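Q: This is the content of target-v2.txt (compact mmCIF, C-alpha atoms):
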```txt
# COMPACT_ATOMS: atom_id res chain seq x y z
CA MET A 630 3.52 9.07 8.81
CA ALA A 631 3.69 12.86 8.27
CA ILE A 632 -0.07 13.36 8.54
CA ARG A 633 -2.13 15.36 10.98
CA VAL A 634 -5.73 16.19 11.74
CA ILE A 635 -6.84 19.79 11.32
CA SER A 636 -10.17 21.53 11.64
CA LEU A 637 -11.87 22.53 8.37
CA GLU A 638 -11.34 26.14 9.50
CA GLY A 639 -7.60 25.46 9.34
CA GLY A 640 -6.78 25.41 13.03
CA GLU A 641 -6.15 22.80 15.67
CA PRO A 642 -9.22 20.60 16.29
CA THR A 643 -11.09 21.03 19.54
CA PHE A 644 -11.41 18.29 22.15
CA GLY A 645 -15.01 17.79 21.01
CA GLN A 646 -13.90 17.25 17.41
CA TYR A 647 -11.34 14.67 18.48
CA LEU A 648 -13.97 12.94 20.62
CA LEU A 649 -16.49 12.83 17.76
CA ARG A 650 -13.86 11.39 15.41
CA TRP A 651 -13.04 8.70 17.98
CA ILE A 652 -16.67 7.78 18.67
CA THR A 653 -17.40 7.24 14.97
CA LYS A 654 -14.60 4.67 14.72
CA PHE A 655 -16.91 2.16 16.38
CA TYR A 656 -19.23 2.31 13.36
CA GLU A 657 -16.46 2.32 10.79
CA TRP A 658 -14.36 -0.41 12.34
CA PRO A 659 -16.71 -2.82 14.13
CA PHE A 660 -13.90 -5.34 14.70
CA LEU A 661 -12.80 -3.10 17.57
CA PHE A 662 -15.60 -4.71 19.60
CA GLY A 663 -13.68 -7.97 19.36
CA TYR A 664 -14.63 -11.45 18.33
CA ILE A 665 -16.72 -12.24 21.37
CA ALA A 666 -18.59 -15.20 19.95
CA PHE A 667 -16.52 -18.36 20.15
CA SER A 668 -18.39 -20.55 17.67
CA ASN A 669 -16.87 -20.90 14.22
CA ALA A 670 -20.11 -19.81 12.50
CA ASN A 671 -20.33 -16.62 14.57
CA VAL A 672 -16.69 -15.73 13.97
CA LEU A 673 -17.13 -16.31 10.22
CA ALA A 674 -20.29 -14.19 10.09
CA TYR A 675 -18.66 -11.46 12.17
CA THR A 676 -15.62 -11.45 9.87
CA PHE A 677 -17.88 -11.14 6.81
CA VAL A 678 -19.83 -8.22 8.31
CA THR A 679 -16.60 -6.50 9.35
CA GLY A 680 -15.28 -6.86 5.79
CA LEU A 681 -18.47 -5.33 4.35
CA PHE A 682 -18.19 -2.37 6.72
CA GLY A 683 -14.54 -1.96 5.74
CA ILE A 684 -15.44 -1.88 2.05
CA ALA A 685 -18.21 0.65 2.74
CA VAL A 686 -15.72 2.88 4.60
CA VAL A 687 -13.26 2.81 1.70
CA ILE A 688 -16.05 3.66 -0.77
CA ILE A 689 -17.26 6.57 1.39
CA ILE A 690 -13.73 7.97 1.67
CA SER A 691 -13.17 7.71 -2.08
CA VAL A 692 -16.40 9.48 -3.07
CA THR A 693 -16.31 12.42 -0.64
CA ALA A 694 -15.01 15.73 -1.94
CA LYS A 695 -12.15 15.98 0.57
CA ASN A 696 -11.61 12.21 0.90
CA GLN A 697 -12.88 12.29 4.46
CA ARG A 698 -14.12 9.41 6.51
CA LEU A 699 -17.47 9.67 8.27
CA GLY A 700 -15.85 10.72 11.55
CA ASP A 701 -14.07 13.60 9.85
CA MET A 702 -17.24 14.75 8.11
CA ALA A 703 -19.19 14.63 11.39
CA ALA A 704 -16.46 16.41 13.36
CA GLY A 705 -15.61 19.00 10.69
CA THR A 706 -12.01 17.86 10.41
CA VAL A 707 -9.71 16.58 7.70
CA VAL A 708 -6.46 14.62 7.66
CA VAL A 709 -3.68 16.40 5.77
CA ASN A 710 -0.16 15.58 4.67
CA SER A 711 2.20 17.63 6.82
CA LYS A 712 5.35 16.79 4.87
CA SER A 713 6.51 19.73 2.79
CA ALA A 714 7.60 19.05 -0.75
CA LEU A 715 9.51 22.34 -0.93
CA THR A 716 13.27 22.44 -0.96
CA VAL A 717 15.80 25.25 -0.68
CA ALA A 718 15.92 25.31 -4.48
CA ASP A 719 12.26 26.42 -4.47
CA THR A 720 13.06 29.66 -2.64
CA VAL A 721 14.24 32.88 -4.24
CA PHE A 722 17.51 32.86 -2.36
CA MET A 723 20.65 31.71 -4.12
CA GLN A 724 24.32 31.64 -3.26
CA ILE A 725 26.16 34.62 -4.75
CA ASP A 726 29.94 34.94 -4.88
CA LYS A 727 30.29 38.25 -3.03
CA THR A 728 33.95 38.88 -3.79
CA ASN A 729 33.68 39.72 -7.49
CA TYR A 730 29.95 40.29 -7.88
CA LYS A 731 28.86 43.38 -9.80
CA VAL A 732 25.28 44.61 -9.42
CA MET A 733 23.78 45.43 -12.79
CA PHE A 734 20.27 46.49 -11.70
CA PRO A 735 20.25 48.16 -8.25
CA GLU A 736 16.67 49.27 -8.99
CA VAL A 737 15.60 45.69 -8.21
CA MET A 738 15.35 46.62 -4.53
CA ARG A 739 12.23 48.67 -5.35
CA LEU A 740 10.43 45.39 -6.04
CA SER A 741 8.55 43.66 -3.23
CA ASP A 742 9.26 40.16 -1.98
CA ARG A 743 6.05 39.10 -3.67
CA ASP A 744 7.33 40.45 -7.00
CA ILE A 745 10.60 38.56 -6.58
CA ASN A 746 8.72 35.35 -5.76
CA THR A 747 6.61 35.86 -8.89
CA ILE A 748 9.73 36.27 -11.01
CA LYS A 749 11.19 33.05 -9.55
CA ALA A 750 7.93 31.16 -10.15
CA VAL A 751 7.67 32.41 -13.74
CA LEU A 752 11.27 31.41 -14.47
CA THR A 753 10.77 27.97 -12.94
CA GLN A 754 7.58 27.37 -14.91
CA ALA A 755 9.14 28.63 -18.14
CA SER A 756 12.14 26.31 -17.81
CA LYS A 757 9.87 23.33 -17.10
CA SER A 758 7.53 23.99 -20.03
CA ASN A 759 10.13 25.56 -22.35
CA ASN A 760 7.63 28.39 -22.96
CA TYR A 761 9.05 31.84 -22.30
CA GLU A 762 6.02 33.93 -23.29
CA MET A 763 5.18 34.71 -19.67
CA CYS A 764 8.83 35.66 -19.08
CA ASN A 765 8.58 38.14 -21.93
CA ARG A 766 5.53 39.80 -20.38
CA VAL A 767 7.04 39.88 -16.88
CA ALA A 768 10.35 41.27 -18.16
CA LEU A 769 8.53 43.95 -20.17
CA LYS A 770 6.52 45.02 -17.12
CA ILE A 771 9.61 45.10 -14.87
CA ARG A 772 11.58 47.14 -17.39
CA GLU A 773 8.68 49.57 -17.54
CA VAL A 774 8.17 49.83 -13.76
CA LEU A 775 11.86 50.11 -12.88
CA ASN A 776 12.69 52.17 -15.98
CA ILE A 777 15.43 49.76 -17.03
CA SER A 778 16.72 49.33 -20.56
CA SER A 779 18.52 46.09 -21.29
CA ASP A 780 19.15 44.04 -24.40
CA MET A 781 19.63 40.83 -22.40
CA HIS A 782 17.53 37.82 -23.29
CA VAL A 783 14.42 37.72 -21.04
CA ASP A 784 15.37 34.66 -19.01
CA GLN A 785 18.91 36.00 -18.47
CA PHE A 786 17.47 39.39 -17.51
CA LEU A 787 15.13 37.86 -14.93
CA GLU A 788 17.91 35.61 -13.56
CA LYS A 789 20.18 38.64 -13.19
CA LEU A 790 17.42 40.49 -11.34
CA LEU A 791 17.14 37.57 -8.91
CA GLU A 792 20.91 37.49 -8.43
CA ASP A 793 21.08 41.25 -7.86
CA TYR A 794 18.21 41.05 -5.40
CA ASN A 795 19.89 38.23 -3.49
CA TYR A 796 23.19 40.04 -3.39
CA LEU A 797 21.70 43.35 -2.26
CA ALA A 798 19.25 41.81 0.20
CA THR A 799 21.92 39.77 1.97
CA LYS A 800 24.62 42.44 1.83
CA GLU A 801 25.73 43.46 5.30
```
Show me, as C-alpha cells, the structure contained in the file I just sent.
A:
Amino acid sequence: MAIRVISLEGGEPTFGQYLLRWITKFYEWPFLFGYIAFSNANVLAYTFVTGLFGIAVVIIISVTAKNQRLGDMAAGTVVVNSKSALTVADTVFMQIDKTNYKVMFPEVMRLSDRDINTIKAVLTQASKSNNYEMCNRVALKIREVLNISSDMHVDQFLEKLLEDYNYLATKE
C-alpha cells in the first residue's frame, strides 16, 4: 500500500512504540474480541457498539492535526505515504547530445548544486504559472554573480545554464 509507520522524530519506531500502537487497537476496533455472544440480540447490540466505535475512530482521525489515530498519538508515531511522486523529469539532469554541443557559459560550474536546483525549480514553476518574474530576478542575480552578459530571453538563458551545467558535470 506504499505506507509506513515512522516515529514523530523521523526515525524508525521503537519496539515500545509498535507495542503501544498494537495495544490501542483493542479500543479502536472492539470487533477484534469476536462475537462471543450467540444470541441474536447480543450480536445485534455488539454490532451497533462496534459501529459507534468505528465512527468515533474516523472522527478522531479526521480532526487531529496529523490525521493520527489514537494509537499513533499515544505512541508518538505517524503513518506516511512512502511512494515518491518525483520522476526523472523533476531532477536537474537532462540528456545532452555530446557530439555537437557547444558550451556557452562555462562559468556555470561556479554555481552550487543547490543553485542549479533552484534554477530548475524556478523554471518549472514559471512554465506552470506562465509568470516569468521570478526568472527575471534569478537571471539578473546569476548574471551579476557569474559576471555574464547575455541578451538571451530569461527562460532561454536559464535553460542554457542548465544544459551547460549538465554537459560539464557529466563530461568525462
Q: Mind pulling up the distance from atom CA of Phe644 of chain A to atom CA of Val692 of chain A?
A: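 That distance, rounded to one decimal, is 27.2 Å.
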Q: Separation of atom CA of Asp742 of chain A and atom CA of Ala798 of chain A, in Å?
A: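 Pair atom CA of Asp742 of chain A / atom CA of Ala798 of chain A returns 10.4 Å.
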Q: Atom CA of Val707 of chain A and atom CA of Gly639 of chain A are how many Å apart?
A: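 These two atoms are separated by 9.3 Å.
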Q: Could you check the closest approach to Leu752 of chain A for each of A:Leu787, A:Arg772, A:Glu736, A:Ser778 and tell me which residue wins, using all atoms listed in the file?
A: A:Leu787
Q: Can you report as lines of an AutoDock Vina configuration file the centre and edge lengths in Å, to one decimal, of an axis-aligned box around the listed atoms of segment 632-649 of chain A padded with 5 Å on each side?
A:
```
center_x = -8.3
center_y = 19.5
center_z = 15.3
size_x = 26.4
size_y = 23.3
size_z = 23.8
```
Q: Please determine, counting all atoms listed in the file, which residue among A:Ser636, A:Asp784, A:Tyr796, A:Ser691 has the shortest atom-to-atom distance to Asn729 of chain A.
A: A:Tyr796
Q: Please list as a PyMOL selection string every residue within 12 Å of segment 693-702 of chain A, counting all atoms listed in the file and excluding residues in the same chain fewer than 2 positions away.
A: chain A and resi 634-637+642+645-658+683+685-691+704-709
Q: With only C-alpha atoms as the counted atoms, please give the residues lying no more than 10 Å from Val774 of chain A, apart from itself and same-chain residues fewer than 6 positions off, as a list in words.
A: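 Contacts, with the query itself left out: Glu736, Arg739, Leu740 and Ala768 of chain A.
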